[in-house]
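Chemist: Sharing a structure below in C-alpha cells format, with a few things to ask.
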Amino acid sequence: MNVTRTTDAATRPGPTPLDDYEFDLRGFVVIRGALSPDEVAALNDAYDRFPQLANGEWYGNAQRRDYTADTGFELHNVLDCGDPAFDVLIDHPSWVHHARHWAGEEGTYVQGVMIDEAVATIREAGGHHPVHSGGHDASIRTQFGYRNGRFRCGQLNVLVTLRDIGPGDGPTMIVPGSHKQNLSHPLIGDYARGDRMDELPWAEPVHAKAGDALLFVDACLHGGSSRTNAGERRVIILRYGPPWSRPRFGYTLSDELLARLTPERRTIMQPMPPHEQGSTRVPRDLHSEYRTEP
Ligand SMILES: O=C(O)CCC(=O)C(=O)O
C-alpha cells in the first residue's frame with residue numbers, strides 16, 4: 001500500500017513517524033506536491049532565462065559543470081546564479097524539516113544543516129546518470145546512520161521535479177533498502193564505466209509530477225535512467241548535510257546573495273561566517289544551549 005502525504009506545505013512541519021519508518025526501511029520518501037504550482041511555474045521561468053552555456057561557462061556565480069559526458073546540462077551553485085527565484089528552495093517547509101531531522105546532527109552542539117551542492121539539471125534524449133553509491137562502502141558524507149534514537153545521515157538529497165517524469169522521461173531509479181546493503185551490486189562496474197540504471201534488478205523508477213520532491217540518503221544505490229523521449233527533464237538537486245560541511249567543489253557565495261537572504265536561509269547557506277584575523281568578534285558555537293564560554 002502506498003502512503004498518502006498531505007499536499008499542503010503549511011501543514012507539513014516535518015517527517016511523521018511513518019515517514020521516519022519508510023526512510024529507515026527504504027532510504028527514501030517521495031513528497032507529492034512539495035512545490036505549489038506557482039513555485040513550479042516561477043522556477044521553470046527561471047530555467048527559461050538560463051543562457052546557452054558550454055561546459056565550464058558561468059552564469060552569475062553558477063557554473064555549468066556536467067557530472068559526466070552523458071548527464072547533460074548541470075548548473076552548479078545555482079542558488080547563486082543571480083536569479084532570486086531559486087531562494088525559496090533553500091528552506092522550503094516541504095523538506096527542510098526532514099533534512100534537519102535526518103541529516104542535521106539533531107540534538108548536538110553542531111545541530112543544523114547546510115547545502116553543500118545545488119544543481120539545476122536538464123536532461124535530453126539519450127542522457128542518463130550512471131548507477132552509483134550503495135551502503136556497502138558509503139563515505140561518511142553519504143552514509144546512512146541511526147544511533148541512540150537519532151538519525152545521523154551524512155547527506156539528504158532532495159531532487160525537485162519541475163516537469164512531469166513518466167516512462168521514457170529518465171526517472172531517477174533507486175534500489176530500496178540499498179543504503180544498508182553489505183555487498184556491492186554484482187551487475188555494476190565503477191562510476192567511470194557509466195553503467196545505466198535502466199535494467200538493474202531491484203531498481204525502482206520514481207515517476208513524478210512537476211512539484212514532487214524525492215528525498216533520499218545518498219548511500220542508496222541510485223542513478224538517473226536513460227531518457228528516451230524528446231524534450232527536457234528538469235530536476236533541481238539539493239544536497240543537505242551537517243553545518244560543518246563545506247561546498248563539495250569549493251564554490252563560494254556572493255555578497256549579493258548573502259545580503260538578500262533571510263537570516264534563516266543565510267544560516268543554511270553559510271552556517272558559520274568566515275572568521276578573519278584581527279576580528280573583534282569572538283566566535284561561538286552554533287547552538288547557545290552548549291555555550292559555556294563568557
Ligand atoms: O539524475 C538523476 O536522476 C540522479 C542524480 C544522481 O544520481 C545524483 O545526483 O546523485
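Naming works like this for the C-alpha cells: A, B, ... for the chains as they're shown, residue 1 at the start of each chain, ligands 1 onward in shown order.
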Would you list the residues that come within 8 Å of ligand 1? Count only C-alpha atoms and all ligand atoms and give the answer as a list in words.

Modeler: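 Going residue by residue within 8 Å of ligand 1, we get Thr71, Thr121, His128, His129, Pro130, Val131, His132, Asn157, Leu159, Gly170, Pro171, Thr172, Met173, Asp218, His222, Gly223, Gly224, Ser225, Val235 and Ile237 of chain A.
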
Chemist: Store the residues picked out above in a file with N, CA, C and O atoms, as a PDB file, in the first residue's frame.

Modeler:
ATOM      1  N   THR A  71      25.359  13.042 -18.644  1.00  0.00           N
ATOM      2  CA  THR A  71      24.304  13.520 -17.743  1.00  0.00           C
ATOM      3  C   THR A  71      23.574  14.737 -18.299  1.00  0.00           C
ATOM      4  O   THR A  71      22.425  14.969 -17.970  1.00  0.00           O
ATOM      5  N   THR A 121      19.470  20.849 -13.270  1.00  0.00           N
ATOM      6  CA  THR A 121      19.825  19.901 -14.335  1.00  0.00           C
ATOM      7  C   THR A 121      18.778  19.901 -15.447  1.00  0.00           C
ATOM      8  O   THR A 121      17.588  20.114 -15.201  1.00  0.00           O
ATOM      9  N   HIS A 128      21.653  10.130 -19.355  1.00  0.00           N
ATOM     10  CA  HIS A 128      21.399   9.343 -18.137  1.00  0.00           C
ATOM     11  C   HIS A 128      22.471   9.691 -17.119  1.00  0.00           C
ATOM     12  O   HIS A 128      23.486  10.312 -17.456  1.00  0.00           O
ATOM     13  N   HIS A 129      22.222   9.305 -15.862  1.00  0.00           N
ATOM     14  CA  HIS A 129      23.245   9.472 -14.811  1.00  0.00           C
ATOM     15  C   HIS A 129      23.610   8.060 -14.342  1.00  0.00           C
ATOM     16  O   HIS A 129      22.741   7.318 -13.871  1.00  0.00           O
ATOM     17  N   PRO A 130      24.881   7.665 -14.487  1.00  0.00           N
ATOM     18  CA  PRO A 130      25.246   6.275 -14.195  1.00  0.00           C
ATOM     19  C   PRO A 130      24.903   5.851 -12.763  1.00  0.00           C
ATOM     20  O   PRO A 130      24.895   6.664 -11.832  1.00  0.00           O
ATOM     21  N   VAL A 131      24.673   4.556 -12.616  1.00  0.00           N
ATOM     22  CA  VAL A 131      24.388   3.975 -11.304  1.00  0.00           C
ATOM     23  C   VAL A 131      25.596   4.169 -10.380  1.00  0.00           C
ATOM     24  O   VAL A 131      26.738   4.029 -10.807  1.00  0.00           O
ATOM     25  N   HIS A 132      25.324   4.516  -9.135  1.00  0.00           N
ATOM     26  CA  HIS A 132      26.414   4.715  -8.177  1.00  0.00           C
ATOM     27  C   HIS A 132      25.904   4.615  -6.737  1.00  0.00           C
ATOM     28  O   HIS A 132      24.715   4.548  -6.503  1.00  0.00           O
ATOM     29  N   ASN A 157      19.661  14.003  -0.017  1.00  0.00           N
ATOM     30  CA  ASN A 157      19.445  14.581  -1.344  1.00  0.00           C
ATOM     31  C   ASN A 157      17.973  14.917  -1.508  1.00  0.00           C
ATOM     32  O   ASN A 157      17.104  14.106  -1.165  1.00  0.00           O
ATOM     33  N   LEU A 159      15.613  15.924  -4.638  1.00  0.00           N
ATOM     34  CA  LEU A 159      15.506  16.094  -6.095  1.00  0.00           C
ATOM     35  C   LEU A 159      14.120  16.652  -6.397  1.00  0.00           C
ATOM     36  O   LEU A 159      13.108  15.972  -6.176  1.00  0.00           O
ATOM     37  N   GLY A 170      13.312   9.454 -18.249  1.00  0.00           N
ATOM     38  CA  GLY A 170      14.564   9.383 -17.491  1.00  0.00           C
ATOM     39  C   GLY A 170      14.377   9.510 -15.998  1.00  0.00           C
ATOM     40  O   GLY A 170      15.112  10.255 -15.330  1.00  0.00           O
ATOM     41  N   PRO A 171      13.397   8.771 -15.418  1.00  0.00           N
ATOM     42  CA  PRO A 171      13.211   8.884 -13.969  1.00  0.00           C
ATOM     43  C   PRO A 171      14.455   8.452 -13.191  1.00  0.00           C
ATOM     44  O   PRO A 171      15.187   7.568 -13.630  1.00  0.00           O
ATOM     45  N   THR A 172      14.649   9.090 -12.060  1.00  0.00           N
ATOM     46  CA  THR A 172      15.656   8.593 -11.117  1.00  0.00           C
ATOM     47  C   THR A 172      15.239   7.191 -10.706  1.00  0.00           C
ATOM     48  O   THR A 172      14.049   6.909 -10.550  1.00  0.00           O
ATOM     49  N   MET A 173      16.213   6.296 -10.556  1.00  0.00           N
ATOM     50  CA  MET A 173      15.907   4.940 -10.075  1.00  0.00           C
ATOM     51  C   MET A 173      16.719   4.670  -8.812  1.00  0.00           C
ATOM     52  O   MET A 173      17.863   5.120  -8.689  1.00  0.00           O
ATOM     53  N   ASP A 218      22.049   9.559   0.335  1.00  0.00           N
ATOM     54  CA  ASP A 218      22.865   9.285  -0.852  1.00  0.00           C
ATOM     55  C   ASP A 218      23.443   7.875  -0.859  1.00  0.00           C
ATOM     56  O   ASP A 218      23.853   7.369  -1.906  1.00  0.00           O
ATOM     57  N   HIS A 222      21.712   4.295  -6.643  1.00  0.00           N
ATOM     58  CA  HIS A 222      20.777   5.096  -7.433  1.00  0.00           C
ATOM     59  C   HIS A 222      21.449   5.662  -8.674  1.00  0.00           C
ATOM     60  O   HIS A 222      22.666   5.573  -8.839  1.00  0.00           O
ATOM     61  N   GLY A 223      20.654   6.296  -9.509  1.00  0.00           N
ATOM     62  CA  GLY A 223      21.139   6.980 -10.697  1.00  0.00           C
ATOM     63  C   GLY A 223      19.945   7.450 -11.508  1.00  0.00           C
ATOM     64  O   GLY A 223      18.794   7.246 -11.117  1.00  0.00           O
ATOM     65  N   GLY A 224      20.201   8.094 -12.619  1.00  0.00           N
ATOM     66  CA  GLY A 224      19.123   8.574 -13.488  1.00  0.00           C
ATOM     67  C   GLY A 224      19.023   7.664 -14.700  1.00  0.00           C
ATOM     68  O   GLY A 224      19.999   7.491 -15.436  1.00  0.00           O
ATOM     69  N   SER A 225      17.861   7.056 -14.912  1.00  0.00           N
ATOM     70  CA  SER A 225      17.722   6.122 -16.045  1.00  0.00           C
ATOM     71  C   SER A 225      17.766   6.895 -17.368  1.00  0.00           C
ATOM     72  O   SER A 225      17.665   8.129 -17.391  1.00  0.00           O
ATOM     73  N   VAL A 235      15.185  18.872 -13.339  1.00  0.00           N
ATOM     74  CA  VAL A 235      15.246  18.473 -11.929  1.00  0.00           C
ATOM     75  C   VAL A 235      16.300  19.328 -11.224  1.00  0.00           C
ATOM     76  O   VAL A 235      17.396  19.515 -11.754  1.00  0.00           O
ATOM     77  N   ILE A 237      18.730  19.536  -7.941  1.00  0.00           N
ATOM     78  CA  ILE A 237      19.304  18.668  -6.899  1.00  0.00           C
ATOM     79  C   ILE A 237      19.847  19.550  -5.784  1.00  0.00           C
ATOM     80  O   ILE A 237      20.668  20.438  -6.028  1.00  0.00           O
TER      81      ILE A 237
END

Chemist: Determine, counting only C-alpha atoms, which protein, DNA and RNA residues have an atom within 7 Å of an atom of Thr228 (chain A); residues of the same chain fewer than 5 positions away are not included. Present the result as a list of chain:residue names.

Modeler: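 These residues fall inside the cut-off: A:Ala125, A:Gly126, A:Gly168, A:Asp169.
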
Chemist: Can you write just those residues out, C-alpha atoms, as a PDB file, in the first residue's frame?

Modeler:
ATOM      1  CA  ALA A 125      17.082  12.128 -25.118  1.00  0.00           C
ATOM      2  CA  GLY A 126      19.996   9.709 -24.732  1.00  0.00           C
ATOM      3  CA  GLY A 168      10.872   7.324 -21.066  1.00  0.00           C
ATOM      4  CA  ASP A 169      11.492  10.661 -19.348  1.00  0.00           C
TER       5      ASP A 169
END

Chemist: Please provide as a list in words all residues within 6 Å of Asp212 (chain A), with the sequence filter that same-chain residues fewer than 6 positions apart are discarded (counting only C-alpha atoms).

Modeler: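 In the requested form, the answer reads Ile31, Arg32, Gly33, Ala34 and Thr161 of chain A.
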
Chemist: Kindly export the residues of the current selection with N, CA and C atoms, as a compact mmCIF listing (two decimals), in the first residue's frame.

Modeler:
# COMPACT_ATOMS: atom_id res chain seq x y z
N ILE A 31 7.72 13.17 -1.68
CA ILE A 31 6.72 14.12 -1.20
C ILE A 31 6.00 14.68 -2.43
N ARG A 32 4.75 14.30 -2.55
CA ARG A 32 3.96 14.75 -3.70
C ARG A 32 3.50 16.19 -3.48
N GLY A 33 3.55 16.99 -4.51
CA GLY A 33 3.10 18.38 -4.40
C GLY A 33 3.92 19.18 -3.42
N ALA A 34 5.21 18.92 -3.36
CA ALA A 34 6.07 19.65 -2.42
C ALA A 34 6.14 21.13 -2.78
N THR A 161 11.31 18.05 -8.87
CA THR A 161 10.90 17.84 -10.26
C THR A 161 10.15 19.07 -10.77

Chemist: Pick out the closest residue to Asn61 (chain A) from this set: A:Glu74, A:Asp255, A:Asp116, A:Asp38. Count only C-alpha atoms.

Modeler: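 Nearest candidate to Asn61 (chain A) out of A:Glu74, A:Asp255, A:Asp116, A:Asp38: A:Asp255.
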
Chemist: I'd like the contact shell of Ala46 (chain A) - 10 Å cut-off, only C-alpha atoms, skipping same-chain residues fewer than 5 positions apart - returned as a list in words.

Modeler: Val40, Ala41, Asp83, Pro84, Ala85 and Phe86 of chain A

Chemist: Restrict the selected residues to all heavy atoms and save them as a PDB file, in the first residue's frame.

Modeler:
ATOM      1  N   VAL A  40       6.421  26.106  -9.032  1.00  0.00           N
ATOM      2  CA  VAL A  40       6.918  25.347 -10.196  1.00  0.00           C
ATOM      3  C   VAL A  40       7.018  26.272 -11.406  1.00  0.00           C
ATOM      4  O   VAL A  40       8.029  26.273 -12.137  1.00  0.00           O
ATOM      5  CB  VAL A  40       5.982  24.155 -10.502  1.00  0.00           C
ATOM      6  CG1 VAL A  40       6.365  23.489 -11.816  1.00  0.00           C
ATOM      7  CG2 VAL A  40       6.025  23.137  -9.358  1.00  0.00           C
ATOM      8  N   ALA A  41       5.989  27.089 -11.612  1.00  0.00           N
ATOM      9  CA  ALA A  41       5.984  27.987 -12.785  1.00  0.00           C
ATOM     10  C   ALA A  41       7.140  28.990 -12.685  1.00  0.00           C
ATOM     11  O   ALA A  41       7.837  29.245 -13.678  1.00  0.00           O
ATOM     12  CB  ALA A  41       4.647  28.712 -12.872  1.00  0.00           C
ATOM     13  N   ASP A  83      19.583  34.790  -9.828  1.00  0.00           N
ATOM     14  CA  ASP A  83      18.130  34.812 -10.005  1.00  0.00           C
ATOM     15  C   ASP A  83      17.467  34.407  -8.686  1.00  0.00           C
ATOM     16  O   ASP A  83      17.553  33.247  -8.272  1.00  0.00           O
ATOM     17  CB  ASP A  83      17.746  33.827 -11.115  1.00  0.00           C
ATOM     18  CG  ASP A  83      16.304  34.015 -11.563  1.00  0.00           C
ATOM     19  OD1 ASP A  83      15.479  34.416 -10.715  1.00  0.00           O
ATOM     20  OD2 ASP A  83      16.022  33.768 -12.738  1.00  0.00           O
ATOM     21  N   PRO A  84      16.793  35.365  -8.020  1.00  0.00           N
ATOM     22  CA  PRO A  84      16.204  35.067  -6.698  1.00  0.00           C
ATOM     23  C   PRO A  84      15.094  34.025  -6.724  1.00  0.00           C
ATOM     24  O   PRO A  84      14.638  33.589  -5.670  1.00  0.00           O
ATOM     25  CB  PRO A  84      15.645  36.419  -6.224  1.00  0.00           C
ATOM     26  CG  PRO A  84      16.221  37.440  -7.135  1.00  0.00           C
ATOM     27  CD  PRO A  84      16.600  36.759  -8.419  1.00  0.00           C
ATOM     28  N   ALA A  85      14.670  33.613  -7.917  1.00  0.00           N
ATOM     29  CA  ALA A  85      13.598  32.601  -7.994  1.00  0.00           C
ATOM     30  C   ALA A  85      13.985  31.325  -7.250  1.00  0.00           C
ATOM     31  O   ALA A  85      13.121  30.582  -6.791  1.00  0.00           O
ATOM     32  CB  ALA A  85      13.288  32.277  -9.452  1.00  0.00           C
ATOM     33  N   PHE A  86      15.291  31.083  -7.125  1.00  0.00           N
ATOM     34  CA  PHE A  86      15.724  29.825  -6.510  1.00  0.00           C
ATOM     35  C   PHE A  86      15.772  29.905  -4.975  1.00  0.00           C
ATOM     36  O   PHE A  86      15.888  28.872  -4.318  1.00  0.00           O
ATOM     37  CB  PHE A  86      17.106  29.418  -7.067  1.00  0.00           C
ATOM     38  CG  PHE A  86      17.059  29.063  -8.525  1.00  0.00           C
ATOM     39  CD1 PHE A  86      17.324  30.020  -9.502  1.00  0.00           C
ATOM     40  CD2 PHE A  86      16.710  27.788  -8.933  1.00  0.00           C
ATOM     41  CE1 PHE A  86      17.250  29.710 -10.853  1.00  0.00           C
ATOM     42  CE2 PHE A  86      16.631  27.461 -10.282  1.00  0.00           C
ATOM     43  CZ  PHE A  86      16.902  28.428 -11.248  1.00  0.00           C
TER      44      PHE A  86
END

Chemist: From a DSSP calculation on the backbone, collect every residue of region 132-281 of chain A in helix (DSSP H, G or I) and output the set as a list in words.

Modeler: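 Matching residues for helix (DSSP H, G or I) in region 132-281 of chain A are Gly135, His136, Asp137, Ser178, His179, Lys180, Tyr191, Ala192, Arg193, Asp255, Glu256, Leu257, Leu258, Ala259, Arg260, Pro263, Glu264, Arg265, Arg266, Thr267, Ile268 and Met269 of chain A.
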
Chemist: Pick out each residue of region 117-256 of chain A that DSSP on the backbone tags as strand (DSSP E or B); I need them as a ChimeraX atom specification.

Modeler: /A:117-123,129-132,146-147,150-151,156-161,165,169,172-174,204-205,208,213-217,222-224,227,233-241

Chemist: Take the residues that were just selected and, keeping N, CA and C atoms, output them as a compact mmCIF listing (two decimals), in the first residue's frame.

Modeler:
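Here's the written file again.txt:
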# COMPACT_ATOMS: atom_id res chain seq x y z
N GLU A 117 25.85 21.35 -2.08
CA GLU A 117 25.82 21.24 -3.54
C GLU A 117 24.39 21.54 -4.00
N ALA A 118 24.25 22.40 -4.97
CA ALA A 118 22.92 22.73 -5.51
C ALA A 118 23.06 22.85 -7.02
N VAL A 119 22.28 22.05 -7.75
CA VAL A 119 22.50 21.91 -9.18
C VAL A 119 21.16 21.96 -9.92
N ALA A 120 21.08 22.78 -10.95
CA ALA A 120 19.92 22.76 -11.84
C ALA A 120 20.28 21.88 -13.03
N THR A 121 19.47 20.85 -13.27
CA THR A 121 19.83 19.90 -14.34
C THR A 121 18.78 19.90 -15.45
N ILE A 122 19.26 19.66 -16.65
CA ILE A 122 18.38 19.46 -17.81
C ILE A 122 18.90 18.23 -18.55
N ARG A 123 18.02 17.27 -18.76
CA ARG A 123 18.46 16.05 -19.46
C ARG A 123 17.60 15.82 -20.71
N HIS A 129 22.22 9.30 -15.86
CA HIS A 129 23.25 9.47 -14.81
C HIS A 129 23.61 8.06 -14.34
N PRO A 130 24.88 7.66 -14.49
CA PRO A 130 25.25 6.28 -14.19
C PRO A 130 24.90 5.85 -12.76
N VAL A 131 24.67 4.56 -12.62
CA VAL A 131 24.39 3.98 -11.30
C VAL A 131 25.60 4.17 -10.38
N HIS A 132 25.32 4.52 -9.14
CA HIS A 132 26.41 4.71 -8.18
C HIS A 132 25.90 4.61 -6.74
N TYR A 146 21.95 5.74 12.16
CA TYR A 146 20.92 5.86 13.21
C TYR A 146 21.56 5.38 14.50
N ARG A 147 21.56 6.22 15.51
CA ARG A 147 22.29 5.89 16.73
C ARG A 147 21.58 6.49 17.95
N ARG A 150 18.60 8.62 17.27
CA ARG A 150 18.73 9.79 16.37
C ARG A 150 19.21 9.34 14.99
N PHE A 151 18.65 9.96 13.97
CA PHE A 151 19.21 9.77 12.64
C PHE A 151 20.54 10.51 12.56
N LEU A 156 21.32 14.32 2.91
CA LEU A 156 19.99 14.07 2.38
C LEU A 156 19.89 14.78 1.03
N ASN A 157 19.66 14.00 -0.02
CA ASN A 157 19.45 14.58 -1.34
C ASN A 157 17.97 14.92 -1.51
N VAL A 158 17.70 16.09 -2.03
CA VAL A 158 16.34 16.47 -2.39
C VAL A 158 16.34 16.74 -3.90
N LEU A 159 15.61 15.92 -4.64
CA LEU A 159 15.51 16.09 -6.10
C LEU A 159 14.12 16.65 -6.40
N VAL A 160 14.10 17.89 -6.86
CA VAL A 160 12.84 18.60 -7.07
C VAL A 160 12.50 18.56 -8.56
N THR A 161 11.31 18.05 -8.87
CA THR A 161 10.90 17.84 -10.26
C THR A 161 10.15 19.07 -10.77
N ILE A 165 7.66 13.51 -14.86
CA ILE A 165 8.60 12.46 -15.27
C ILE A 165 7.88 11.13 -15.26
N ASP A 169 11.02 9.31 -19.66
CA ASP A 169 11.49 10.66 -19.35
C ASP A 169 12.77 10.65 -18.52
N THR A 172 14.65 9.09 -12.06
CA THR A 172 15.66 8.59 -11.12
C THR A 172 15.24 7.19 -10.71
N MET A 173 16.21 6.30 -10.56
CA MET A 173 15.91 4.94 -10.08
C MET A 173 16.72 4.67 -8.81
N ILE A 174 16.11 3.94 -7.89
CA ILE A 174 16.74 3.64 -6.60
C ILE A 174 16.51 2.17 -6.29
N GLU A 204 13.99 0.61 -8.74
CA GLU A 204 12.62 1.11 -8.99
C GLU A 204 12.67 2.52 -9.57
N PRO A 205 11.93 2.79 -10.63
CA PRO A 205 11.86 4.16 -11.15
C PRO A 205 10.96 5.02 -10.26
N ALA A 208 7.23 10.97 -11.33
CA ALA A 208 6.88 12.15 -10.52
C ALA A 208 6.11 13.16 -11.37
N ALA A 213 8.91 16.04 -4.82
CA ALA A 213 10.31 16.01 -4.38
C ALA A 213 10.65 14.60 -3.89
N LEU A 214 11.78 14.12 -4.36
CA LEU A 214 12.31 12.82 -3.93
C LEU A 214 13.41 13.09 -2.91
N LEU A 215 13.25 12.53 -1.71
CA LEU A 215 14.23 12.72 -0.63
C LEU A 215 14.91 11.39 -0.37
N PHE A 216 16.23 11.34 -0.47
CA PHE A 216 16.90 10.06 -0.20
C PHE A 216 18.28 10.27 0.37
N VAL A 217 18.69 9.30 1.16
CA VAL A 217 20.06 9.32 1.68
C VAL A 217 20.95 8.84 0.54
N HIS A 222 21.71 4.29 -6.64
CA HIS A 222 20.78 5.10 -7.43
C HIS A 222 21.45 5.66 -8.67
N GLY A 223 20.65 6.30 -9.51
CA GLY A 223 21.14 6.98 -10.70
C GLY A 223 19.95 7.45 -11.51
N GLY A 224 20.20 8.09 -12.62
CA GLY A 224 19.12 8.57 -13.49
C GLY A 224 19.02 7.66 -14.70
N ARG A 227 16.95 8.75 -20.63
CA ARG A 227 15.81 9.46 -21.20
C ARG A 227 15.71 9.07 -22.66
N ARG A 233 14.05 16.90 -19.39
CA ARG A 233 13.78 16.59 -17.99
C ARG A 233 14.40 17.72 -17.17
N ARG A 234 13.63 18.31 -16.28
CA ARG A 234 14.14 19.41 -15.45
C ARG A 234 14.05 19.02 -13.97
N VAL A 235 15.18 18.87 -13.34
CA VAL A 235 15.25 18.47 -11.93
C VAL A 235 16.30 19.33 -11.22
N ILE A 236 15.97 19.83 -10.05
CA ILE A 236 16.96 20.55 -9.23
C ILE A 236 17.41 19.62 -8.11
N ILE A 237 18.73 19.54 -7.94
CA ILE A 237 19.30 18.67 -6.90
C ILE A 237 19.85 19.55 -5.78
N LEU A 238 19.39 19.29 -4.56
CA LEU A 238 19.91 19.98 -3.38
C LEU A 238 20.48 18.92 -2.45
N ARG A 239 21.70 19.12 -1.98
CA ARG A 239 22.28 18.14 -1.06
C ARG A 239 22.48 18.81 0.30
N TYR A 240 21.73 18.33 1.28
CA TYR A 240 21.80 18.87 2.64
C TYR A 240 22.68 17.98 3.49
N GLY A 241 23.54 18.61 4.30
CA GLY A 241 24.37 17.85 5.23
C GLY A 241 24.60 18.67 6.47

Chemist: So what do you get for CA of Ala99 (chain A) versus CA of Asn44 (chain A), distance-wise?

Modeler: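 That distance, rounded to one decimal, is 24.0 Å.
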
Chemist: Give me the residues near Met114 (chain A) as an MDAnalysis selection string, where near means some atom within 9 Å (using only C-alpha atoms) and where sequence neighbours in that chain fewer than 3 positions away do not count.

Modeler: chainID A and resid 104 239:246 267:271

Chemist: Considering only C-alpha atoms, can you say which of A:Cys81, A:Ile115, A:Ala138, A:Leu261 comes closest to Pro247 (chain A)?

Modeler: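 That would be A:Ile115, the residue with the smallest distance to Pro247 (chain A).
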
Chemist: Just the number, please: distance in Å from CA of Asn229 (chain A) to CA of Ser178 (chain A), one decimal.

Modeler: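 These two atoms are separated by 28.3 Å.
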
Chemist: Could you check how far CA of Pro93 (chain A) sits from CA of Ala219 (chain A), in Å to one decimal?

Modeler: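 Here the two named atoms are 23.8 Å from each other.
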
Chemist: For each of A:Gly166, A:Gly194, A:Gly56, A:Gly27, take the minimum atom-to-atom distance to Gly145 (chain A), counting only C-alpha atoms, then give the residue where this is smallest.

Modeler: A:Gly27

Chemist: Would you list the contacts of Trp58 (chain A) as a short mmCIF file (atom, residue, chain, number, x, y, z; two decimals) with all heavy atoms, in the first residue's frame, taking every protein, DNA or RNA residue within 12 Å and counting only C-alpha atoms, but skipping same-chain residues closer than 6 positions in sequence?

Modeler:
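Result saved to out01.cif:
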data_model
loop_
_atom_site.label_atom_id
_atom_site.label_comp_id
_atom_site.auth_asym_id
_atom_site.auth_seq_id
_atom_site.Cartn_x
_atom_site.Cartn_y
_atom_site.Cartn_z
N PHE A 50 17.94 30.84 -18.44
CA PHE A 50 19.34 30.40 -18.50
C PHE A 50 19.89 30.71 -19.89
O PHE A 50 19.25 30.40 -20.90
CB PHE A 50 19.46 28.88 -18.28
CG PHE A 50 19.22 28.39 -16.87
CD1 PHE A 50 18.90 27.05 -16.64
CD2 PHE A 50 19.31 29.24 -15.78
CE1 PHE A 50 18.68 26.58 -15.36
CE2 PHE A 50 19.09 28.78 -14.49
CZ PHE A 50 18.77 27.45 -14.28
N PRO A 51 21.12 31.25 -19.97
CA PRO A 51 21.73 31.43 -21.28
C PRO A 51 22.26 30.09 -21.81
O PRO A 51 22.37 29.13 -21.05
CB PRO A 51 22.89 32.39 -20.98
CG PRO A 51 23.23 32.14 -19.55
CD PRO A 51 21.97 31.71 -18.86
N GLN A 52 22.59 30.06 -23.07
CA GLN A 52 23.29 28.89 -23.62
C GLN A 52 24.67 28.85 -22.98
O GLN A 52 25.37 29.86 -22.99
CB GLN A 52 23.46 29.05 -25.14
CG GLN A 52 22.17 28.89 -25.92
CD GLN A 52 21.65 27.46 -25.90
OE1 GLN A 52 22.46 26.52 -25.89
NE2 GLN A 52 20.34 27.29 -25.85
N ARG A 64 28.31 25.92 -15.33
CA ARG A 64 27.93 24.63 -15.91
C ARG A 64 29.07 23.64 -15.69
O ARG A 64 30.22 23.89 -16.07
CB ARG A 64 27.62 24.77 -17.41
CG ARG A 64 27.27 23.41 -17.99
CD ARG A 64 26.71 23.45 -19.39
NE ARG A 64 26.53 22.07 -19.86
CZ ARG A 64 26.12 21.72 -21.05
NH1 ARG A 64 25.81 22.66 -21.94
NH2 ARG A 64 25.99 20.45 -21.38
N ARG A 65 28.73 22.55 -15.05
CA ARG A 65 29.73 21.52 -14.75
C ARG A 65 29.00 20.17 -14.81
O ARG A 65 28.37 19.74 -13.85
CB ARG A 65 30.30 21.74 -13.33
CG ARG A 65 31.37 20.75 -12.95
CD ARG A 65 31.53 20.57 -11.46
NE ARG A 65 32.48 19.50 -11.23
CZ ARG A 65 32.17 18.20 -11.28
NH1 ARG A 65 30.93 17.81 -11.51
NH2 ARG A 65 33.09 17.29 -11.09
N GLU A 74 24.30 20.69 -16.35
CA GLU A 74 24.24 20.74 -14.89
C GLU A 74 24.85 22.04 -14.41
O GLU A 74 26.06 22.27 -14.55
CB GLU A 74 24.93 19.50 -14.29
CG GLU A 74 23.93 18.35 -14.26
CD GLU A 74 24.48 16.95 -14.34
OE1 GLU A 74 25.68 16.77 -14.61
OE2 GLU A 74 23.68 16.02 -14.12
N LEU A 75 24.01 22.92 -13.89
CA LEU A 75 24.44 24.25 -13.45
C LEU A 75 24.67 24.21 -11.94
O LEU A 75 23.72 24.17 -11.15
CB LEU A 75 23.38 25.28 -13.82
CG LEU A 75 23.77 26.74 -13.60
CD1 LEU A 75 24.96 27.16 -14.48
CD2 LEU A 75 22.57 27.66 -13.86
N HIS A 76 25.95 24.18 -11.55
CA HIS A 76 26.31 24.09 -10.13
C HIS A 76 26.28 25.46 -9.47
O HIS A 76 26.48 26.48 -10.14
CB HIS A 76 27.71 23.47 -9.99
CG HIS A 76 27.70 21.98 -10.18
ND1 HIS A 76 27.94 21.09 -9.15
CD2 HIS A 76 27.42 21.23 -11.27
CE1 HIS A 76 27.84 19.86 -9.61
NE2 HIS A 76 27.53 19.91 -10.89
N ASN A 77 26.07 25.43 -8.17
CA ASN A 77 25.95 26.67 -7.37
C ASN A 77 24.77 27.51 -7.87
O ASN A 77 24.79 28.74 -7.82
CB ASN A 77 27.25 27.49 -7.44
CG ASN A 77 27.52 28.25 -6.15
OD1 ASN A 77 27.11 27.84 -5.06
ND2 ASN A 77 28.21 29.37 -6.25
N VAL A 78 23.73 26.82 -8.36
CA VAL A 78 22.62 27.52 -9.00
C VAL A 78 21.94 28.51 -8.05
O VAL A 78 21.38 29.52 -8.49
CB VAL A 78 21.59 26.52 -9.57
CG1 VAL A 78 20.94 25.69 -8.47
CG2 VAL A 78 20.54 27.25 -10.38
N ASP A 80 23.18 30.66 -6.41
CA ASP A 80 23.85 31.96 -6.51
C ASP A 80 24.04 32.37 -7.98
O ASP A 80 24.99 33.07 -8.30
CB ASP A 80 25.20 31.92 -5.78
CG ASP A 80 25.72 33.31 -5.43
OD1 ASP A 80 24.95 34.29 -5.58
OD2 ASP A 80 26.89 33.41 -5.03
N CYS A 81 23.11 31.95 -8.84
CA CYS A 81 23.25 32.33 -10.26
C CYS A 81 22.82 33.77 -10.49
O CYS A 81 23.00 34.31 -11.57
CB CYS A 81 22.45 31.37 -11.15
SG CYS A 81 20.66 31.56 -11.02
N GLY A 82 22.23 34.40 -9.46
CA GLY A 82 21.79 35.79 -9.59
C GLY A 82 20.29 35.92 -9.74
O GLY A 82 19.76 37.02 -9.77
N TYR A 251 32.76 26.04 -4.54
CA TYR A 251 32.08 27.26 -4.98
C TYR A 251 31.87 28.18 -3.79
O TYR A 251 31.61 27.72 -2.67
CB TYR A 251 30.73 26.94 -5.64
CG TYR A 251 30.88 26.25 -6.99
CD1 TYR A 251 30.60 24.90 -7.14
CD2 TYR A 251 31.35 26.96 -8.09
CE1 TYR A 251 30.76 24.27 -8.37
CE2 TYR A 251 31.52 26.33 -9.32
CZ TYR A 251 31.23 25.00 -9.45
OH TYR A 251 31.40 24.37 -10.65
#
